[in-house]
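A.B. asks: File model_19.cif below, mmCIF, C-alpha atoms and all ligand atoms:
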```
data_coords
loop_
_atom_site.group_PDB
_atom_site.id
_atom_site.type_symbol
_atom_site.label_atom_id
_atom_site.label_comp_id
_atom_site.auth_asym_id
_atom_site.auth_seq_id
_atom_site.Cartn_x
_atom_site.Cartn_y
_atom_site.Cartn_z
ATOM 1 C CA MET A 139 -13.125 7.171 -63.627
ATOM 2 C CA ALA A 140 -13.843 4.154 -61.463
ATOM 3 C CA ARG A 141 -10.157 3.679 -60.881
ATOM 4 C CA ARG A 142 -9.740 7.191 -59.667
ATOM 5 C CA SER A 143 -12.839 7.455 -57.542
ATOM 6 C CA LEU A 144 -11.961 4.665 -55.119
ATOM 7 C CA PRO A 145 -8.794 6.164 -53.658
ATOM 8 C CA LEU A 146 -10.514 9.534 -53.631
ATOM 9 C CA LEU A 147 -13.389 8.168 -51.553
ATOM 10 C CA ALA A 148 -10.962 6.459 -49.229
ATOM 11 C CA SER A 149 -9.039 9.645 -48.626
ATOM 12 C CA LEU A 150 -12.249 11.609 -48.083
ATOM 13 C CA ALA A 151 -13.321 9.107 -45.461
ATOM 14 C CA LEU A 152 -10.006 9.613 -43.702
ATOM 15 C CA VAL A 153 -10.442 13.378 -43.654
ATOM 16 C CA VAL A 154 -13.955 13.026 -42.226
ATOM 17 C CA ALA A 155 -12.734 10.689 -39.485
ATOM 18 C CA VAL A 156 -9.974 13.077 -38.450
ATOM 19 C CA ALA A 157 -12.332 16.031 -38.608
ATOM 20 C CA SER A 158 -14.979 14.499 -36.402
ATOM 21 C CA ALA A 159 -12.403 13.476 -33.799
ATOM 22 C CA GLU A 160 -11.482 17.135 -33.628
ATOM 23 C CA SER A 161 -15.036 18.479 -33.478
ATOM 24 C CA TRP A 162 -15.121 19.489 -29.855
ATOM 25 C CA LEU A 163 -17.429 22.476 -30.160
ATOM 26 C CA TYR A 164 -20.909 20.965 -30.363
ATOM 27 C CA GLU A 165 -19.904 17.865 -28.441
ATOM 28 C CA LYS A 166 -18.800 19.779 -25.364
ATOM 29 C CA PHE A 167 -20.445 23.182 -25.591
ATOM 30 C CA THR A 168 -23.622 25.121 -26.275
ATOM 31 C CA THR A 169 -23.168 28.374 -28.166
ATOM 32 C CA ASP A 170 -24.532 31.929 -28.128
ATOM 33 C CA GLY A 171 -24.523 34.534 -30.863
ATOM 34 C CA THR A 172 -22.500 34.336 -34.049
ATOM 35 C CA VAL A 173 -20.285 31.262 -33.768
ATOM 36 C CA ARG A 174 -18.860 29.323 -36.720
ATOM 37 C CA ALA A 175 -17.102 25.990 -36.678
ATOM 38 C CA ASP A 176 -14.829 25.108 -39.592
ATOM 39 C CA HIS A 177 -11.920 22.773 -40.101
ATOM 40 C CA ASP A 178 -8.515 23.860 -41.294
ATOM 41 C CA ALA A 179 -6.473 21.951 -43.874
ATOM 42 C CA SER A 180 -5.062 19.624 -41.196
ATOM 43 C CA GLY A 181 -8.551 18.624 -40.017
ATOM 44 C CA GLN A 182 -8.333 20.696 -36.843
ATOM 45 C CA GLN A 183 -11.544 22.406 -35.769
ATOM 46 C CA VAL A 184 -11.403 26.200 -35.767
ATOM 47 C CA VAL A 185 -14.158 28.101 -34.011
ATOM 48 C CA THR A 186 -14.695 31.746 -34.873
ATOM 49 C CA PHE A 187 -16.670 34.366 -32.998
ATOM 50 C CA ASN A 188 -18.061 37.497 -34.600
ATOM 51 C CA LEU A 189 -18.917 40.668 -32.750
ATOM 52 C CA ASP A 190 -21.038 43.330 -34.412
ATOM 53 C CA GLN A 191 -23.631 45.832 -33.218
ATOM 54 C CA VAL A 192 -26.295 43.117 -33.163
ATOM 55 C CA SER A 193 -24.512 40.359 -31.309
ATOM 56 C CA GLY A 194 -21.396 39.021 -29.624
ATOM 57 C CA ALA A 195 -20.626 35.337 -29.312
ATOM 58 C CA GLY A 196 -19.736 32.628 -26.849
ATOM 59 C CA PHE A 197 -19.590 28.959 -25.988
ATOM 60 C CA ASN A 198 -20.440 27.381 -22.634
ATOM 61 C CA SER A 199 -19.434 23.902 -21.486
ATOM 62 C CA LYS A 200 -22.238 21.405 -20.999
ATOM 63 C CA GLU A 201 -20.392 19.950 -18.025
ATOM 64 C CA GLN A 202 -19.351 21.622 -14.827
ATOM 65 C CA TYR A 203 -15.913 21.088 -13.370
ATOM 66 C CA LEU A 204 -14.314 21.092 -9.964
ATOM 67 C CA TYR A 205 -10.551 21.405 -10.559
ATOM 68 C CA GLY A 206 -8.707 20.721 -13.749
ATOM 69 C CA GLU A 207 -6.359 21.914 -16.463
ATOM 70 C CA PHE A 208 -8.017 23.875 -19.275
ATOM 71 C CA SER A 209 -6.320 25.204 -22.349
ATOM 72 C CA ILE A 210 -7.110 26.692 -25.704
ATOM 73 C CA GLN A 211 -5.375 28.425 -28.559
ATOM 74 C CA MET A 212 -6.652 31.871 -29.485
ATOM 75 C CA LYS A 213 -5.948 34.272 -32.322
ATOM 76 C CA LEU A 214 -7.195 37.717 -31.376
ATOM 77 C CA ILE A 215 -8.766 40.570 -33.333
ATOM 78 C CA PRO A 216 -6.268 42.241 -35.694
ATOM 79 C CA GLY A 217 -6.004 46.023 -36.039
ATOM 80 C CA ASN A 218 -8.296 48.272 -34.039
ATOM 81 C CA SER A 219 -9.807 46.095 -31.294
ATOM 82 C CA ALA A 220 -10.390 48.923 -28.802
ATOM 83 C CA GLY A 221 -13.409 48.335 -26.598
ATOM 84 C CA THR A 222 -13.614 44.599 -27.280
ATOM 85 C CA VAL A 223 -13.079 41.863 -24.701
ATOM 86 C CA SER A 224 -12.205 38.273 -25.723
ATOM 87 C CA CYS A 225 -12.332 35.759 -22.905
ATOM 88 C CA PHE A 226 -11.541 32.256 -21.741
ATOM 89 C CA TYR A 227 -12.865 31.674 -18.228
ATOM 90 C CA LEU A 228 -14.504 29.451 -15.637
ATOM 91 C CA SER A 229 -17.500 30.572 -13.604
ATOM 92 C CA SER A 230 -19.857 29.051 -11.053
ATOM 93 C CA GLY A 231 -22.690 31.300 -12.284
ATOM 94 C CA ASP A 232 -24.053 34.788 -11.837
ATOM 95 C CA GLY A 233 -25.311 34.646 -8.260
ATOM 96 C CA ASP A 234 -23.968 36.545 -5.269
ATOM 97 C CA GLY A 235 -20.978 34.790 -3.819
ATOM 98 C CA HIS A 236 -19.946 33.235 -7.120
ATOM 99 C CA ASP A 237 -16.487 31.954 -7.999
ATOM 100 C CA GLU A 238 -14.677 32.674 -11.250
ATOM 101 C CA ILE A 239 -11.253 32.321 -12.892
ATOM 102 C CA ASP A 240 -10.614 34.670 -15.813
ATOM 103 C CA MET A 241 -8.303 35.235 -18.728
ATOM 104 C CA GLU A 242 -9.637 38.291 -20.561
ATOM 105 C CA PHE A 243 -8.033 40.126 -23.441
ATOM 106 C CA MET A 244 -8.771 43.821 -23.438
ATOM 107 C CA GLY A 245 -8.537 45.181 -26.966
ATOM 108 C CA ASN A 246 -6.774 48.366 -28.017
ATOM 109 C CA SER A 247 -6.379 50.841 -30.863
ATOM 110 C CA SER A 248 -4.233 49.721 -33.808
ATOM 111 C CA GLY A 249 -0.592 49.473 -32.797
ATOM 112 C CA GLN A 250 -1.386 49.807 -29.070
ATOM 113 C CA PRO A 251 -0.871 46.845 -26.777
ATOM 114 C CA VAL A 252 -3.640 44.418 -25.883
ATOM 115 C CA VAL A 253 -3.787 43.704 -22.162
ATOM 116 C CA LEU A 254 -4.350 40.252 -20.668
ATOM 117 C CA ASN A 255 -6.399 40.511 -17.498
ATOM 118 C CA THR A 256 -6.150 37.555 -15.117
ATOM 119 C CA ASN A 257 -8.534 37.468 -12.200
ATOM 120 C CA VAL A 258 -9.860 35.179 -9.482
ATOM 121 C CA TRP A 259 -13.227 35.559 -7.799
ATOM 122 C CA ALA A 260 -13.965 33.761 -4.552
ATOM 123 C CA ASN A 261 -17.352 34.084 -2.869
ATOM 124 C CA GLY A 262 -18.263 37.074 -5.027
ATOM 125 C CA ASP A 263 -15.066 39.021 -4.365
ATOM 126 C CA GLY A 264 -13.138 39.518 -7.584
ATOM 127 C CA LYS A 265 -10.842 42.484 -7.091
ATOM 128 C CA LYS A 266 -7.729 40.404 -7.649
ATOM 129 C CA GLU A 267 -6.487 41.429 -11.091
ATOM 130 C CA HIS A 268 -3.015 40.975 -12.451
ATOM 131 C CA GLN A 269 -2.838 42.501 -15.930
ATOM 132 C CA PHE A 270 -0.060 42.005 -18.439
ATOM 133 C CA TYR A 271 1.075 43.311 -21.798
ATOM 134 C CA LEU A 272 1.917 40.409 -24.097
ATOM 135 C CA TRP A 273 5.397 39.931 -25.539
ATOM 136 C CA PHE A 274 4.017 39.059 -28.984
ATOM 137 C CA ASP A 275 1.245 40.220 -31.282
ATOM 138 C CA PRO A 276 -1.687 38.032 -30.159
ATOM 139 C CA ALA A 277 -3.531 38.669 -33.434
ATOM 140 C CA ALA A 278 -0.702 37.541 -35.716
ATOM 141 C CA ASP A 279 -0.967 33.870 -34.790
ATOM 142 C CA TYR A 280 -2.441 31.375 -32.355
ATOM 143 C CA HIS A 281 -1.064 31.219 -28.816
ATOM 144 C CA THR A 282 -1.946 28.799 -26.043
ATOM 145 C CA TYR A 283 -3.639 30.036 -22.885
ATOM 146 C CA THR A 284 -3.901 27.675 -19.923
ATOM 147 C CA ILE A 285 -5.605 27.694 -16.540
ATOM 148 C CA ILE A 286 -4.629 25.069 -13.963
ATOM 149 C CA TRP A 287 -7.012 25.018 -10.996
ATOM 150 C CA ASN A 288 -6.424 22.682 -8.064
ATOM 151 C CA ASP A 289 -6.924 22.757 -4.303
ATOM 152 C CA LYS A 290 -3.541 24.414 -3.724
ATOM 153 C CA ASN A 291 -3.342 27.178 -6.300
ATOM 154 C CA ILE A 292 -4.563 28.616 -9.569
ATOM 155 C CA LEU A 293 -1.921 28.906 -12.271
ATOM 156 C CA PHE A 294 -2.097 31.028 -15.433
ATOM 157 C CA LYS A 295 0.120 30.182 -18.370
ATOM 158 C CA VAL A 296 0.740 31.805 -21.754
ATOM 159 C CA ASP A 297 2.339 29.362 -24.209
ATOM 160 C CA ASP A 298 4.984 27.676 -22.054
ATOM 161 C CA LYS A 299 5.428 30.588 -19.608
ATOM 162 C CA PHE A 300 3.692 30.761 -16.234
ATOM 163 C CA ILE A 301 2.682 34.356 -15.523
ATOM 164 C CA ARG A 302 0.748 34.010 -12.287
ATOM 165 C CA SER A 303 0.244 31.717 -9.326
ATOM 166 C CA PHE A 304 -2.721 32.527 -7.065
ATOM 167 C CA LYS A 305 -2.159 30.611 -3.837
ATOM 168 C CA ARG A 306 -4.708 29.208 -1.473
ATOM 169 C CA TYR A 307 -4.473 30.229 2.184
ATOM 170 C CA ALA A 308 -6.531 28.200 4.654
ATOM 171 C CA ASP A 309 -8.139 31.273 6.233
ATOM 172 C CA LEU A 310 -8.900 33.209 3.024
ATOM 173 C CA PRO A 311 -11.636 32.737 0.393
ATOM 174 C CA TYR A 312 -10.637 30.423 -2.468
ATOM 175 C CA PRO A 313 -12.675 28.745 -5.234
ATOM 176 C CA SER A 314 -12.825 25.233 -3.789
ATOM 177 C CA ALA A 315 -16.431 24.135 -3.498
ATOM 178 C CA LYS A 316 -18.523 25.458 -6.377
ATOM 179 C CA PRO A 317 -18.359 23.603 -9.688
ATOM 180 C CA MET A 318 -17.663 25.882 -12.621
ATOM 181 C CA THR A 319 -18.721 26.028 -16.248
ATOM 182 C CA LEU A 320 -16.071 26.840 -18.857
ATOM 183 C CA HIS A 321 -16.820 29.734 -21.205
ATOM 184 C CA ALA A 322 -15.305 31.624 -24.100
ATOM 185 C CA THR A 323 -16.883 34.930 -25.076
ATOM 186 C CA LEU A 324 -16.413 37.984 -27.264
ATOM 187 C CA TRP A 325 -18.294 41.119 -26.248
ATOM 188 C CA ASP A 326 -18.434 44.901 -26.272
ATOM 189 C CA GLY A 327 -16.622 46.094 -23.155
ATOM 190 C CA SER A 328 -16.403 49.723 -24.259
ATOM 191 C CA TYR A 329 -17.414 50.996 -20.817
ATOM 192 C CA TRP A 330 -14.382 49.329 -19.244
ATOM 193 C CA ALA A 331 -11.836 47.634 -21.461
ATOM 194 C CA THR A 332 -9.592 50.172 -23.142
ATOM 195 C CA GLU A 333 -7.849 52.907 -21.193
ATOM 196 C CA LYS A 334 -10.445 52.453 -18.454
ATOM 197 C CA GLY A 335 -13.340 52.972 -20.878
ATOM 198 C CA ALA A 336 -12.025 56.153 -22.556
ATOM 199 C CA VAL A 337 -11.632 54.444 -25.967
ATOM 200 C CA LYS A 338 -14.847 52.894 -27.330
ATOM 201 C CA ILE A 339 -15.485 50.339 -30.040
ATOM 202 C CA ASP A 340 -15.339 51.740 -33.573
ATOM 203 C CA TRP A 341 -18.170 49.827 -35.214
ATOM 204 C CA SER A 342 -16.972 50.777 -38.696
ATOM 205 C CA ASN A 343 -14.401 47.957 -38.178
ATOM 206 C CA ALA A 344 -17.081 45.336 -37.399
ATOM 207 C CA PRO A 345 -17.409 42.422 -37.494
ATOM 208 C CA PHE A 346 -14.599 41.763 -35.012
ATOM 209 C CA VAL A 347 -13.356 38.194 -35.286
ATOM 210 C CA VAL A 348 -11.586 35.961 -32.763
ATOM 211 C CA SER A 349 -10.583 32.349 -33.516
ATOM 212 C CA TYR A 350 -10.222 29.474 -31.085
ATOM 213 C CA ARG A 351 -8.752 26.012 -31.673
ATOM 214 C CA ASP A 352 -7.150 23.037 -29.918
ATOM 215 C CA TYR A 353 -9.382 23.122 -26.845
ATOM 216 C CA SER A 354 -8.591 20.697 -24.063
ATOM 217 C CA ALA A 355 -9.966 20.077 -20.591
ATOM 218 C CA ASP A 356 -8.372 17.510 -18.319
ATOM 219 C CA ALA A 357 -10.678 18.013 -15.387
ATOM 220 C CA CYS A 358 -12.834 16.505 -12.669
ATOM 221 C CA VAL A 359 -16.487 16.595 -13.640
ATOM 222 C CA SER A 360 -18.852 17.809 -10.978
ATOM 223 C CA GLY A 361 -20.701 14.913 -9.361
ATOM 224 C CA GLY A 362 -18.442 12.503 -11.240
ATOM 225 C CA SER A 363 -14.902 11.384 -11.058
ATOM 226 C CA CYS A 364 -11.504 12.715 -11.936
ATOM 227 C CA PRO A 365 -9.749 11.435 -15.071
ATOM 228 C CA ALA A 366 -6.894 8.971 -14.760
ATOM 229 C CA GLY A 367 -3.601 10.735 -14.208
ATOM 230 C CA SER A 368 -5.179 13.850 -12.722
ATOM 231 C CA ASP A 369 -2.373 14.014 -10.136
ATOM 232 C CA ARG A 370 -0.370 15.684 -12.873
ATOM 233 C CA TRP A 371 -2.336 18.902 -12.456
ATOM 234 C CA MET A 372 -4.031 18.246 -9.083
ATOM 235 C CA ASN A 373 -0.677 18.533 -7.331
ATOM 236 C CA ARG A 374 0.795 21.099 -9.691
ATOM 237 C CA GLN A 375 2.627 23.940 -8.035
ATOM 238 C CA LEU A 376 5.388 26.029 -9.512
ATOM 239 C CA SER A 377 9.056 25.111 -9.244
ATOM 240 C CA ASP A 378 11.570 27.782 -8.304
ATOM 241 C CA ALA A 379 12.433 28.193 -11.987
ATOM 242 C CA GLU A 380 8.758 28.657 -12.868
ATOM 243 C CA LEU A 381 8.323 31.147 -10.016
ATOM 244 C CA GLY A 382 11.208 32.952 -11.709
ATOM 245 C CA THR A 383 9.201 33.294 -14.939
ATOM 246 C CA VAL A 384 6.281 34.665 -12.913
ATOM 247 C CA ALA A 385 8.592 37.214 -11.263
ATOM 248 C CA SER A 386 10.046 38.222 -14.618
ATOM 249 C CA ALA A 387 6.561 38.540 -16.178
ATOM 250 C CA GLU A 388 5.653 40.790 -13.244
ATOM 251 C CA SER A 389 8.702 42.991 -13.589
ATOM 252 C CA THR A 390 8.673 43.159 -17.393
ATOM 253 C CA TYR A 391 5.073 42.928 -18.587
ATOM 254 C CA MET A 392 2.793 43.731 -15.686
ATOM 255 C CA GLN A 393 0.476 46.653 -16.315
ATOM 256 C CA TYR A 394 -1.691 46.439 -13.172
ATOM 257 C CA ASN A 395 -1.471 44.625 -9.834
ATOM 258 C CA TYR A 396 -4.359 44.960 -7.360
ATOM 259 C CA CYS A 397 -1.891 44.499 -4.535
ATOM 260 C CA GLU A 398 -0.302 47.836 -5.470
ATOM 261 C CA ASP A 399 -3.571 49.763 -5.699
ATOM 262 C CA GLY A 400 -3.872 51.418 -2.295
ATOM 263 C CA TRP A 401 -6.342 53.946 -3.698
ATOM 264 C CA ARG A 402 -8.808 51.160 -4.438
ATOM 265 C CA PHE A 403 -8.475 49.577 -1.016
ATOM 266 C CA PRO A 404 -8.534 52.481 1.454
ATOM 267 C CA GLN A 405 -9.206 50.072 4.358
ATOM 268 C CA GLY A 406 -6.012 48.183 3.502
ATOM 269 C CA LEU A 407 -4.890 45.791 0.793
ATOM 270 C CA PRO A 408 -6.465 42.307 0.633
ATOM 271 C CA ALA A 409 -4.844 39.941 3.147
ATOM 272 C CA GLU A 410 -3.108 37.710 0.591
ATOM 273 C CA CYS A 411 -1.106 40.706 -0.657
ATOM 274 C CA SER A 412 1.100 40.668 2.438
ATOM 275 C CA ARG A 413 1.724 36.910 2.341
ATOM 276 C CA LYS A 414 4.011 35.245 -0.107
HETATM 277 C C1 LIG B 501 -3.876 50.574 -24.763
HETATM 278 O O1 LIG B 501 -2.859 51.448 -25.161
HETATM 279 C C2 LIG B 501 -2.569 52.467 -24.240
HETATM 280 C C3 LIG B 501 -1.546 53.409 -24.882
HETATM 281 O O2 LIG B 501 -0.389 52.681 -25.266
HETATM 282 C C4 LIG B 501 -2.074 51.842 -22.929
HETATM 283 O O3 LIG B 501 -1.857 52.850 -21.967
HETATM 284 C C5 LIG B 501 -3.124 50.854 -22.415
HETATM 285 O O4 LIG B 501 -2.626 50.181 -21.272
HETATM 286 C C6 LIG B 501 -3.426 49.842 -23.504
HETATM 287 N N1 LIG B 501 -4.343 48.802 -23.118
HETATM 288 C C7 LIG B 501 -5.581 48.960 -22.659
HETATM 289 C C8 LIG B 501 -6.368 47.734 -22.440
HETATM 290 O O5 LIG B 501 -6.072 50.036 -22.427
#
```
Could you express the structure from this file as structure tokens?
Ligand SMILES: *[C@@H]1O[C@H](CO)[C@@H](O)[C@H](O)[C@H]1NC(C)=O
C.D. replies:
Amino acid sequence: MARRSLPLLASLALVVAVASAESWLYEKFTTDGTVRADHDASGQQVVTFNLDQVSGAGFNSKEQYLYGEFSIQMKLIPGNSAGTVSCFYLSSGDGDGHDEIDMEFMGNSSGQPVVLNTNVWANGDGKKEHQFYLWFDPAADYHTYTIIWNDKNILFKVDDKFIRSFKRYADLPYPSAKPMTLHATLWDGSYWATEKGAVKIDWSNAPFVVSYRDYSADACVSGGSCPAGSDRWMNRQLSDAELGTVASAESTYMQYNYCEDGWRFPQGLPAECSRK
């Protein structure tokens, strides 16, 4: 027995060390609602949210950021996710004139496509959605979702594909001054999410479960400094080839573009729509 227990203890200690290095949830975030943190077989932390009729779930960064690169892997709700919204976003808070950068997954009935809503709010104006169908089943496996936010543009990336670049123009509102908190949430968006609110959550499928893993933030902390090497994302703009992937995402997967919604903007489309 003694001969066997030593190596066993040693290997347990190794697993614990790896696991704690990967335990980003409680180190970096506070949580709301039904949130679980487990570790998978490789020692990677996996955070799961449950949504039922009693509660949704979320985590909120303890620090606030002003520019950075943020990414996470998400595995969305399988089957009938109509009415649900699963999010990864930055926000300066709830007040009037707030800034926000969103990646929101709008659920759908079984077999119908989930929509990824990307949006930017500047000074309380957030009617800047680009929405996309995904080219894979986002519930079948984890995929990486990334937001790069610097003083030149905001970039949205799915796995290794850029799908949107929101440019800064000197004379137009842009999130550049208000530090933001990073959030992930899962909530009932029945009034809005699926076919403009026509399809509601079917609670007989609850609890709805979304998993998150491999979180990373390489970002300037508000009131503090920027990490070494931040030029990598601080100066990041898209190359011509990357602008090509954005254009192809727009022509192939785009479901909604605010710049094409004249009905919503009877006084004229937002100014950035006519610049390129
Ligand atoms: C849900 O599926 C319907 C029917 O295919 C589609 O029109 C809609 O864009 C999908 N997504 C959402 C979020 O409503």
A.B. asks: Hey, could you make a per-residue contact list for chain A against ligand LIG 501 (chain B) with 9 Å as the cut-off, showing the nearest pair of atoms and its distance in Å to one decimal, counting all atoms listed in the file, sorted by chain and number, as CSV?
C.D. replies:
```
residue,atom,partner,partner_atom,distance
A:Ala220,CA,B:LIG501,C8,7.6
A:Gly221,CA,B:LIG501,C8,8.2
A:Phe243,CA,B:LIG501,C8,7.9
A:Met244,CA,B:LIG501,C8,4.7
A:Gly245,CA,B:LIG501,C8,5.6
A:Asn246,CA,B:LIG501,C1,4.9
A:Ser247,CA,B:LIG501,C1,6.6
A:Ser248,CA,B:LIG501,O1,8.9
A:Gly249,CA,B:LIG501,O2,8.2
A:Gln250,CA,B:LIG501,O1,4.5
A:Pro251,CA,B:LIG501,C6,5.1
A:Val252,CA,B:LIG501,N1,5.2
A:Val253,CA,B:LIG501,C8,4.8
A:Leu254,CA,B:LIG501,C8,7.9
A:Asn255,CA,B:LIG501,C8,8.8
A:Tyr271,CA,B:LIG501,O4,7.8
A:Trp330,CA,B:LIG501,C8,8.8
A:Ala331,CA,B:LIG501,C8,5.6
A:Thr332,CA,B:LIG501,O5,3.6
A:Glu333,CA,B:LIG501,O5,3.6
A:Lys334,CA,B:LIG501,O5,6.4
A:Gly335,CA,B:LIG501,O5,8.0
A:Ala336,CA,B:LIG501,O5,8.5
A:Val337,CA,B:LIG501,O5,7.9
A:Gln393,CA,B:LIG501,O4,6.8
A:Tyr394,CA,B:LIG501,O4,9.0
```
A.B. asks: Could you work out how far atom CA of Asn288 of chain A lies from atom CA of Met372 of chain A, giving the answer in Å with one decimal?
C.D. replies: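 Result for atom CA of Met372 of chain A versus atom CA of Asn288 of chain A: 5.1 Å, one decimal.
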A.B. asks: Of the candidates A:Gly327, A:Pro313, A:Gly382, A:Gly171, which one gets nearest to Cys225 of chain A if we count all atoms listed in the file?
C.D. replies: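 For Cys225 of chain A, the nearest of the candidates is A:Gly327.
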A.B. asks: What's around Arg351 of chain A at 12 Å? Count only C-alpha atoms, leave out sequence neighbours fewer than 4 positions away in its own chain, and write the answer as a ChimeraX atom specification.
C.D. replies: /A:160-163,174-178,181-187,209-214,279-283,322
A.B. asks: Measuring atom to atom with all atoms listed in the file, identify which of A:Glu242, A:Glu267, A:Glu207, A:Asp289 is nearest to Ala355 of chain A.
C.D. replies: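 That would be A:Glu207, the residue with the smallest distance to Ala355 of chain A.
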A.B. asks: Around the point (11.2, 43.2, -22.3) in the file's coordinates, collect all residues with an atom within 12 Å, using all atoms listed in the file, and return them as a ChimeraX atom specification.
C.D. replies: /A:270-274,386-392
A.B. asks: Measuring between all atoms listed in the file, which one of A:Val173, A:Ala179, A:Ile301, A:Ala277 shows the shortest distance to Ala385 of chain A?
C.D. replies: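 For Ala385 of chain A, the nearest of the candidates is A:Ile301.
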A.B. asks: Need the shell around Asp369 of chain A: protein/DNA/RNA residues with any atom at most 12 Å away, counting all atoms listed in the file. Skip same-chain ones fewer than 5 positions apart. Format as an mmCIF file with C-alpha atoms, in the frame of the given file?
C.D. replies:
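So the final result, stored in selection31.cif, reads:
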```cif
data_model
loop_
_atom_site.group_PDB
_atom_site.id
_atom_site.type_symbol
_atom_site.label_atom_id
_atom_site.label_comp_id
_atom_site.auth_asym_id
_atom_site.auth_seq_id
_atom_site.Cartn_x
_atom_site.Cartn_y
_atom_site.Cartn_z
ATOM 1 C CA TYR A 205 -10.551 21.405 -10.559
ATOM 2 C CA GLY A 206 -8.707 20.721 -13.749
ATOM 3 C CA GLU A 207 -6.359 21.914 -16.463
ATOM 4 C CA ILE A 286 -4.629 25.069 -13.963
ATOM 5 C CA TRP A 287 -7.012 25.018 -10.996
ATOM 6 C CA ASN A 288 -6.424 22.682 -8.064
ATOM 7 C CA ASP A 289 -6.924 22.757 -4.303
ATOM 8 C CA ASP A 356 -8.372 17.510 -18.319
ATOM 9 C CA ALA A 357 -10.678 18.013 -15.387
ATOM 10 C CA CYS A 358 -12.834 16.505 -12.669
ATOM 11 C CA CYS A 364 -11.504 12.715 -11.936
ATOM 12 C CA ARG A 374 0.795 21.099 -9.691
ATOM 13 C CA GLN A 375 2.627 23.940 -8.035
#
```
A.B. asks: As a list in words, please: the residues near Gly233 of chain A (cut-off 12 Å, all atoms listed in the file, same-chain neighbours under 2 positions excluded).
C.D. replies: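 In the requested format, the answer is Ser229, Ser230, Gly231, Gly235, His236, Asp237, Glu238, Ala260, Asn261, Gly262, Asp263 and Lys316 of chain A.
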